[in-house]
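Source file: my_file.cif. Holds: mmCIF, C-alpha atoms.
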```cif
data_structure
loop_
_atom_site.label_atom_id
_atom_site.label_comp_id
_atom_site.auth_asym_id
_atom_site.auth_seq_id
_atom_site.Cartn_x
_atom_site.Cartn_y
_atom_site.Cartn_z
CA MET A 768 0.00 0.00 0.00
CA ASN A 769 1.47 3.34 -1.00
CA PRO A 770 1.79 6.23 1.49
CA ASP A 771 -0.88 8.30 -0.24
CA LEU A 772 -3.41 5.50 0.14
CA GLU A 773 -2.36 4.94 3.74
CA HIS A 774 -2.91 8.59 4.52
CA ARG A 775 -6.31 8.65 2.84
CA LEU A 776 -7.30 5.54 4.73
CA GLN A 777 -6.21 7.23 7.94
CA ALA A 778 -8.22 10.33 7.02
CA TRP A 779 -11.24 8.10 6.49
CA VAL A 780 -10.79 6.52 9.94
CA ASP A 781 -10.51 10.02 11.43
CA GLY A 782 -13.67 11.20 9.68
CA GLU A 783 -11.82 13.76 7.61
CA LEU A 784 -13.01 12.72 4.15
CA ASP A 785 -15.99 14.09 2.26
CA ALA A 786 -18.89 11.77 1.48
CA SER A 787 -17.71 10.61 -1.95
CA SER A 788 -14.12 9.97 -0.82
CA ALA A 789 -15.39 8.14 2.23
CA GLN A 790 -17.52 5.95 -0.05
CA GLU A 791 -14.40 5.05 -2.05
CA MET A 792 -12.56 4.04 1.11
CA GLU A 793 -15.46 1.91 2.28
CA SER A 794 -15.38 0.07 -1.03
CA LEU A 795 -11.63 -0.41 -0.77
CA VAL A 796 -11.82 -1.77 2.76
CA ALA A 797 -14.60 -4.15 1.74
CA ARG A 798 -12.49 -5.80 -0.96
CA ASP A 799 -8.93 -5.37 0.38
CA PRO A 800 -7.99 -7.26 3.60
CA GLU A 801 -4.77 -5.29 3.95
CA ALA A 802 -6.61 -1.98 3.87
CA ARG A 803 -9.21 -3.34 6.26
CA ALA A 804 -6.54 -4.47 8.74
CA LEU A 805 -4.79 -1.12 8.56
CA GLY A 806 -8.06 0.74 9.12
CA ASP A 807 -8.92 -1.47 12.10
CA ASN A 808 -5.50 -0.99 13.67
CA LEU A 809 -5.59 2.75 13.21
CA ARG A 810 -8.98 2.91 14.85
CA LEU A 811 -7.84 0.66 17.70
CA LEU A 812 -4.71 2.66 18.33
CA ARG A 813 -6.56 5.97 18.35
CA GLY A 814 -9.06 4.74 20.90
CA PHE A 815 -6.30 3.18 22.97
CA LEU A 816 -4.30 6.41 23.14
CA GLN A 817 -7.32 8.57 23.86
CA GLU A 818 -8.39 6.26 26.65
CA HIS A 819 -4.97 6.23 28.24
CA GLU A 820 -3.72 9.77 27.90
CA PRO A 821 -0.71 10.06 30.20
CA VAL A 822 -1.35 11.98 33.39
CA ARG A 823 1.52 14.11 34.56
CA ALA A 824 1.37 15.54 38.07
CA LEU A 825 2.59 19.07 38.62
CA PRO A 826 5.90 18.79 40.49
CA GLU A 827 5.33 21.97 42.51
CA THR A 828 3.10 22.75 45.45
CA GLN A 829 0.01 24.83 44.81
CA ASP A 830 1.31 27.82 46.71
CA PHE A 831 4.69 27.78 45.04
CA TYR A 832 3.16 27.46 41.58
CA TRP A 833 0.71 30.29 42.19
CA SER A 834 3.36 32.57 43.69
CA GLY A 835 5.36 32.26 40.47
CA ILE A 836 2.31 33.28 38.44
CA ARG A 837 1.53 36.20 40.76
CA ARG A 838 5.10 37.46 40.59
CA GLY A 839 4.97 37.23 36.82
CA ILE A 840 1.74 39.23 36.65
CA GLU A 841 3.14 41.89 38.96
CA ALA A 842 6.35 42.12 36.95
CA GLU A 843 4.37 42.54 33.72
CA GLU A 844 2.23 45.27 35.28
CA ARG A 845 5.32 47.10 36.55
CA ALA A 846 6.80 46.91 33.05
CA ASP A 847 3.57 48.31 31.62
CA ARG A 848 3.66 51.24 34.03
CA GLY A 849 7.29 51.89 33.10
CA ARG A 850 6.45 51.91 29.42
CA GLU A 851 3.53 54.25 29.98
CA SER A 852 5.60 56.77 31.93
CA SER A 853 8.29 56.86 29.24
CA ASP A 854 5.97 57.00 26.25
CA PRO A 855 4.53 60.51 25.56
CA SER A 856 1.82 59.06 23.32
CA ARG A 857 0.38 57.26 26.36
CA GLU A 858 0.06 60.44 28.43
CA THR A 859 -3.27 61.17 29.96
CA GLY A 860 -5.44 64.10 29.01
CA GLY A 861 -4.35 66.00 32.13
CA ARG A 862 -0.72 65.73 31.22
CA ALA A 863 -1.42 66.61 27.59
CA TRP A 864 -3.23 69.75 28.78
CA TRP A 865 0.07 71.13 30.07
CA SER A 866 1.75 70.69 26.73
CA TRP A 867 0.10 73.83 25.31
CA VAL A 868 0.08 75.92 28.50
CA TRP A 869 3.78 76.67 28.45
CA PRO A 870 3.90 78.01 24.87
CA ALA A 871 0.80 80.08 25.58
CA ALA A 872 2.35 81.45 28.77
CA ALA A 873 5.53 82.35 26.91
CA ALA A 874 3.57 84.19 24.24
CA ALA A 875 1.61 86.08 26.89
CA LEU A 876 4.85 87.08 28.60
CA VAL A 877 6.16 88.51 25.35
CA LEU A 878 3.00 90.53 24.94
CA VAL A 879 3.17 91.82 28.50
CA VAL A 880 6.74 92.98 27.96
CA ILE A 881 5.68 94.74 24.81
CA SER A 882 2.78 96.38 26.59
CA LEU A 883 5.07 97.72 29.31
CA PHE A 884 7.49 99.21 26.81
CA PRO A 885 5.27 100.30 23.95
CA GLY A 886 7.59 102.95 22.52
CA ARG A 887 10.75 100.97 22.32
CA GLU A 888 12.08 98.78 19.61
CA GLY A 889 12.16 95.09 20.40
CA GLY A 890 15.83 94.50 19.83
CA THR A 891 18.06 95.59 17.03
CA ALA A 892 15.73 94.56 14.27
CA GLY A 893 12.41 95.09 15.99
CA ASP A 894 9.80 97.55 14.87
CA LEU A 895 7.07 98.64 17.22
CA ALA A 896 3.95 100.59 16.41
CA THR A 897 1.07 101.69 18.55
CA SER A 898 -2.02 103.71 17.90
CA SER A 899 -5.31 104.44 19.48
CA GLY A 900 -8.41 103.99 17.45
CA ALA A 901 -10.82 104.36 20.29
CA SER A 902 -9.92 107.45 22.14
CA SER A 903 -10.40 109.55 19.04
CA SER A 904 -13.71 109.93 17.37
CA ALA A 905 -12.30 109.07 13.95
CA LYS A 906 -12.65 105.54 12.64
CA ALA A 907 -9.39 105.64 10.76
CA PRO A 908 -6.98 102.72 10.77
CA ALA A 909 -5.41 102.71 14.19
CA VAL A 910 -2.06 101.12 13.54
CA VAL A 911 0.75 102.77 11.69
CA PRO A 912 3.90 100.77 11.59
CA VAL A 913 7.01 102.78 12.23
CA VAL A 914 9.10 101.29 9.49
CA GLY A 915 7.18 100.38 6.36
CA HIS A 916 4.98 97.49 7.61
CA GLU A 917 1.35 97.47 6.60
CA ILE A 918 -0.61 96.15 9.50
CA GLU A 919 -4.36 96.43 9.84
CA ALA A 920 -5.95 97.26 13.17
CA PRO A 921 -9.46 96.63 14.44
CA GLU A 922 -11.79 99.56 14.63
CA ALA A 923 -13.51 98.65 17.84
CA ASP A 924 -14.14 101.45 20.31
CA GLY A 925 -11.85 101.60 23.34
CA MET A 926 -9.37 99.12 21.90
CA GLU A 927 -5.67 99.67 21.57
CA THR A 928 -3.44 97.72 19.28
CA VAL A 929 0.26 97.14 19.65
CA THR A 930 2.08 95.51 16.80
CA PHE A 931 5.60 94.22 16.99
CA TYR A 932 7.55 93.00 14.02
CA SER A 933 11.02 91.49 14.13
CA SER A 934 12.63 91.13 10.73
CA GLN A 935 15.42 89.11 12.24
CA GLU A 936 13.01 86.57 13.62
CA SER A 937 10.50 86.97 10.76
CA MET A 938 7.86 87.31 13.42
CA THR A 939 4.86 89.59 13.96
CA VAL A 940 3.08 89.90 17.28
CA VAL A 941 -0.21 91.78 17.61
CA TRP A 942 -1.50 92.61 21.06
CA LEU A 943 -5.05 93.78 21.61
CA ALA A 944 -6.12 95.43 24.86
CA HIS A 945 -8.54 97.92 26.22
CA ALA A 946 -7.23 101.48 26.15
CA ASP A 947 -7.29 101.70 29.91
CA VAL A 948 -4.70 98.94 30.14
CA LEU A 949 -2.27 100.83 28.01
CA MET B 865 -2.15 32.91 50.61
CA SER B 866 -3.33 29.35 50.03
CA VAL B 867 -4.86 28.42 46.74
CA PRO B 868 -8.62 28.20 47.07
CA GLU B 869 -9.13 25.26 44.77
CA HIS B 870 -12.26 23.71 46.25
CA GLN B 871 -15.08 26.06 45.34
CA PRO B 872 -17.21 23.86 43.12
CA GLU B 873 -20.21 26.05 43.67
CA ILE B 874 -18.62 28.81 41.61
CA PRO B 875 -18.51 27.90 37.91
CA ASP B 876 -15.56 28.88 35.73
CA ASP B 877 -17.61 31.48 33.85
CA ALA B 878 -18.40 33.36 37.04
CA LEU B 879 -14.78 33.25 38.16
CA VAL B 880 -13.66 34.52 34.76
CA THR B 881 -16.10 37.42 35.02
CA LEU B 882 -14.71 38.31 38.44
CA ALA B 883 -11.14 37.97 37.22
CA LYS B 884 -11.89 40.24 34.28
CA ALA B 885 -12.87 42.89 36.82
CA GLY B 886 -9.47 42.51 38.45
CA ASP B 887 -10.32 39.94 41.12
CA MET B 888 -7.02 38.16 41.68
CA VAL B 889 -8.53 35.70 44.14
CA ALA B 890 -11.00 34.50 41.51
CA PHE B 891 -8.11 34.03 39.10
CA GLU B 892 -6.15 32.18 41.75
CA THR B 893 -9.12 29.84 42.14
CA LEU B 894 -9.07 29.14 38.40
CA VAL B 895 -5.35 28.38 38.63
CA GLY B 896 -5.95 26.00 41.52
CA ARG B 897 -8.70 24.28 39.59
CA HIS B 898 -6.96 23.78 36.24
CA ARG B 899 -3.23 23.96 36.89
CA GLU B 900 -2.71 20.20 36.56
CA LYS B 901 -4.37 20.00 33.16
CA ILE B 902 -2.46 22.99 31.81
CA TYR B 903 0.85 21.68 33.10
CA ALA B 904 0.14 18.22 31.68
CA ARG B 905 -0.60 19.65 28.25
CA ALA B 906 2.63 21.67 28.28
CA TYR B 907 4.55 18.60 29.36
CA SER B 908 2.97 16.45 26.64
CA ILE B 909 4.48 18.77 24.04
CA VAL B 910 7.89 19.75 25.44
CA HIS B 911 8.49 16.60 27.54
CA ASN B 912 10.63 18.49 30.01
CA GLU B 913 9.45 19.02 33.57
CA GLN B 914 10.93 22.43 34.32
CA GLU B 915 10.15 23.83 30.88
CA ALA B 916 6.57 22.62 31.24
CA VAL B 917 6.25 24.34 34.63
CA ASP B 918 7.66 27.60 33.27
CA LEU B 919 5.56 27.52 30.10
CA SER B 920 2.36 26.67 31.92
CA GLN B 921 2.93 29.54 34.36
CA GLU B 922 3.63 31.84 31.44
CA ALA B 923 0.33 30.72 29.93
CA TRP B 924 -1.54 31.72 33.08
CA ILE B 925 0.19 35.11 33.13
CA LYS B 926 -0.70 35.68 29.49
CA ALA B 927 -4.28 34.58 30.17
CA TRP B 928 -4.60 37.14 32.98
CA ARG B 929 -3.42 39.91 30.69
CA ARG B 930 -5.70 38.79 27.85
CA LEU B 931 -8.80 38.06 29.87
CA ALA B 932 -10.61 40.97 28.25
CA GLN B 933 -10.21 39.19 24.91
CA PHE B 934 -11.88 36.01 26.16
CA GLU B 935 -15.47 36.22 24.99
CA GLY B 936 -16.63 32.78 26.03
CA ASP B 937 -16.85 31.29 22.53
CA SER B 938 -15.18 28.20 23.97
CA SER B 939 -14.67 27.05 27.54
CA PHE B 940 -12.06 28.86 29.61
CA THR B 941 -9.87 25.74 29.74
CA THR B 942 -10.04 25.27 25.98
CA TRP B 943 -8.99 28.91 25.51
CA LEU B 944 -6.20 28.58 28.05
CA THR B 945 -5.01 25.30 26.57
CA ARG B 946 -4.68 26.97 23.17
CA ILE B 947 -2.54 29.70 24.74
CA THR B 948 -0.41 27.01 26.38
CA ILE B 949 0.01 25.07 23.15
CA ASN B 950 1.03 28.19 21.24
CA LEU B 951 3.58 29.11 23.90
CA CYS B 952 5.03 25.59 23.79
CA LEU B 953 5.25 25.67 20.01
CA ASP B 954 6.94 29.07 20.10
CA HIS B 955 9.34 27.68 22.67
CA LEU B 956 10.19 24.71 20.47
CA ARG B 957 10.67 26.96 17.45
CA ARG B 958 12.96 29.28 19.39
CA ASN B 959 15.06 26.34 20.46
CA GLN B 960 14.88 24.80 17.00
CA ARG B 961 14.38 21.37 18.39
CA HIS B 962 11.90 20.15 15.81
CA ARG B 963 13.48 17.03 14.38
CA VAL B 964 11.56 15.02 11.85
CA GLU B 965 12.81 11.48 11.66
CA PRO B 966 12.92 9.87 8.21
CA LEU B 967 10.27 7.33 7.38
CA PRO B 968 11.67 3.81 6.99
CA ASP B 969 11.06 2.25 3.61
CA SER B 970 8.80 -0.78 3.94
CA LYS B 971 7.81 -1.41 0.34
CA ASP B 972 9.76 -4.65 -0.03
CA ASP B 973 9.14 -6.00 3.44
CA PRO B 974 6.44 -8.75 3.48
CA GLU B 975 5.83 -8.14 7.20
CA ALA B 976 5.58 -4.40 6.78
CA LEU B 977 1.93 -4.11 7.79
CA ASP B 978 2.40 -5.88 11.08
CA ARG B 979 5.50 -3.86 11.87
CA ILE B 980 3.93 -0.60 10.81
CA LEU B 981 0.78 -0.84 12.86
CA PRO B 982 0.72 -3.87 15.10
CA PRO B 983 -2.57 -4.17 16.96
CA VAL B 984 -2.60 -2.99 20.55
CA TRP B 985 -4.48 -4.62 23.34
CA VAL B 986 -5.12 -3.78 26.95
CA ASN B 987 -7.42 -4.86 29.71
CA PRO B 988 -8.86 -1.59 30.98
CA THR B 989 -10.54 -3.14 34.00
CA GLU B 990 -7.34 -3.42 36.00
CA ARG B 991 -6.50 -0.06 37.55
CA MET B 992 -2.83 -0.85 38.04
CA GLU B 993 -2.58 -1.98 34.47
CA ARG B 994 -4.13 1.24 33.25
CA GLU B 995 -1.57 3.23 35.20
CA GLU B 996 1.17 1.09 33.70
CA VAL B 997 -0.26 1.63 30.24
CA ARG B 998 -0.29 5.39 30.74
CA LYS B 999 3.32 5.25 31.83
CA ARG B 1000 4.29 3.20 28.81
CA ILE B 1001 2.49 5.56 26.47
CA ASP B 1002 4.28 8.50 28.09
CA GLU B 1003 7.62 6.75 27.60
CA ALA B 1004 6.80 5.92 24.00
CA MET B 1005 5.79 9.52 23.29
CA ALA B 1006 9.11 10.68 24.71
CA ARG B 1007 10.80 8.71 21.97
CA LEU B 1008 8.95 10.53 19.20
CA SER B 1009 10.44 13.62 17.63
CA GLU B 1010 8.85 16.83 18.86
CA ALA B 1011 7.28 17.42 15.44
CA HIS B 1012 5.57 14.02 15.44
CA ARG B 1013 4.63 14.15 19.11
CA THR B 1014 3.03 17.56 18.72
CA VAL B 1015 0.78 16.43 15.87
CA LEU B 1016 -0.17 13.31 17.82
CA VAL B 1017 -1.03 15.32 20.96
CA LEU B 1018 -3.09 17.85 19.05
CA HIS B 1019 -5.05 15.15 17.23
CA GLU B 1020 -5.49 12.41 19.80
CA PHE B 1021 -5.71 14.42 23.02
CA GLU B 1022 -6.86 17.87 21.92
CA ARG B 1023 -9.13 16.27 19.30
CA MET B 1024 -8.22 18.87 16.72
CA GLU B 1025 -9.14 18.36 13.08
CA TYR B 1026 -6.39 18.16 10.44
CA LYS B 1027 -7.16 21.67 9.20
CA HIS B 1028 -6.90 23.20 12.65
CA ILE B 1029 -3.63 21.37 13.35
CA ALA B 1030 -2.23 22.62 10.04
CA GLU B 1031 -3.19 26.21 10.91
CA THR B 1032 -1.79 25.93 14.43
CA LEU B 1033 1.55 24.52 13.30
CA GLY B 1034 1.81 26.46 10.03
CA ILE B 1035 2.16 23.32 7.92
CA SER B 1036 0.13 21.74 5.13
CA ILE B 1037 -2.67 19.26 5.72
CA GLY B 1038 -0.62 16.71 3.79
CA THR B 1039 2.23 17.15 6.27
CA VAL B 1040 -0.21 16.74 9.15
CA MET B 1041 -1.41 13.47 7.65
CA SER B 1042 2.07 12.07 7.08
CA ARG B 1043 3.34 13.11 10.52
CA LEU B 1044 0.28 11.70 12.22
CA PHE B 1045 0.58 8.41 10.34
CA TYR B 1046 4.24 8.10 11.21
CA ALA B 1047 3.65 8.98 14.85
CA ARG B 1048 0.92 6.36 15.13
CA ARG B 1049 3.05 3.76 13.42
CA ARG B 1050 5.92 4.47 15.78
CA MET B 1051 3.68 4.38 18.85
CA ALA B 1052 2.15 1.09 17.77
CA THR B 1053 5.58 -0.41 17.25
CA LEU B 1054 6.86 0.77 20.64
CA LEU B 1055 3.74 -0.40 22.48
CA ALA B 1056 3.79 -3.77 20.71
CA GLY B 1057 7.39 -4.22 21.80
CA TRP B 1058 6.38 -3.53 25.39
CA LYS B 1059 3.53 -6.05 25.13
CA ARG B 1060 5.89 -8.72 23.79
CA GLU B 1061 8.24 -8.05 26.68
CA SER B 1062 5.40 -8.41 29.18
CA GLU B 1063 4.27 -11.70 27.65
CA GLU B 1064 7.79 -13.10 27.68
CA GLU B 1065 8.17 -12.19 31.36
CA GLU B 1066 4.89 -13.91 32.21
CA SER B 1067 5.85 -17.09 30.36
#
```

Rewritten as structure tokens:
Amino acid sequence: MNPDLEHRLQAWVDGELDASSAQEMESLVARDPEARALGDNLRLLRGFLQEHEPVRALPETQDFYWSGIRRGIEAEERADRGRESSDPSRETGGRAWWSWVWPAAAAALVLVVISLFPGREGGTAGDLATSSGASSSAKAPAVVPVVGHEIEAPEADGMETVTFYSSQESMTVVWLAHADVL
Amino acid sequence: MSVPEHQPEIPDDALVTLAKAGDMVAFETLVGRHREKIYARAYSIVHNEQEAVDLSQEAWIKAWRRLAQFEGDSSFTTWLTRITINLCLDHLRRNQRHRVEPLPDSKDDPEALDRILPPVWVNPTERMEREEVRKRIDEAMARLSEAHRTVLVLHEFERMEYKHIAETLGISIGTVMSRLFYARRRMATLLAGWKRESEEEES
């Protein structure tokens, strides 16, 4: 009997063949004593093994075995916490909230400094312009840059605008405040 | 803390639900209830006591961490056994200990059939004999290659179908069939040899 036939006979014994293939095997077994003997032995061996599956006793006490599992769980959880604390993408919403506070605070500080020294240039390349569009009755543009920068200002009553431009930094800062503040 | 293993009034499903909520005592109860089975399955594949202990513990740790993924499609022990089997297979792959023994050529041997699959016989009514049979089967399985033993364990003891075994091991169904046939043939030969020895001793 060739290996292919042996394997198909085995598949038949194991119930792995479709109906037509199973029918072929039944016919073969009916006329071939060798195939029938092989099928019988395969079936006998399978039942024998399944009925006598080896039983292997755990060689550790219950407490010792469980303590190893508990230590493993705790170690994994510690590792998880370590990964979370070192991974910015895992930060909580509270922590993420602080990420934009500091830049905002820095920008506010810059504006406060500008507001305290409105007539001075911000460094060697800074241009500063102020105007008041509220204190006067005219609704003319309120901001006139000192050195050739066209900057529009709001026309709201009582509002002051301070504009700072640094050519060195390629940066423009516009600060809006009530006239009383300035 | 002692393992609370005798709580038959609490079914596995209820313990799993509690464990999912973080109840470590419920999980400990599951460990106490099923540790022997999980260890035995690990041992049946790796056939090394310490490795089986380590791998079965690793399976429990992994189960705890993946409890949220267990949806109850199968029993908890079936799910856990699959985790254990996969860990054992990964372990064998890492250690590259899969050795497939060549099939002996029996085409020209007139007694090939008897040698290939000699019939087995046992009297299951004698308890001591059953224990002896289990021991002999364990010894015979230890003499199989890991590749053949794994297929045999998955089919005969885990009752997996060929297709599922092929998927689990990453091999073709044809390879499953040939490995299973060879493993059975080898087991039958080894067990028949033991039976002959027993008969000779009795006579």

Specify as a PyMOL selection string all residues of chain A found within 9 Å of chain B, counting only C-alpha atoms.
chain A and resi 768-771+773-775+777-778+781+783+801+804-805+807-809+811-827+829-830+832-837+839-840+843

Please compute the CA of Gly782 in chain A-CA of Gly1034 in chain B distance, one decimal, in Å.
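These two atoms are separated by 21.7 Å.
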
Would you work out the distance separating CA of Gly806 in chain A from CA of Ser787 in chain A, expressed in Å to one decimal?
17.7 Å

Could you work out an axis-aligned box for range 932-940 of chain B, taking every atom the file lists and adding 3 Å on each side, and report centre and edge lengths in Å to one decimal, as AutoDock Vina command-line options?
```
--center_x -13.5 --center_y 34.0 --center_z 26.1 --size_x 12.6 --size_y 19.9 --size_z 13.1
```

What is the CA of Asp954 in chain B to CA of Ile1029 in chain B distance in Å?
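So the answer is 14.7 Å.
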
Just the residues within 9 Å of Asn950 in chain B, please, counting all atoms listed in the file, with nothing from its chain fewer than 4 positions along; format it as a VMD selection string.
chain B and resid 945 to 946 954 to 955 1032 to 1033

Show me, as a VMD selection string, the residues that have an atom within 12 Å of Leu882 in chain B when counting all atoms listed in the file, minus same-chain residues fewer than 2 positions from it.
chain B and resid 874 to 880 884 to 894 928 931 to 932
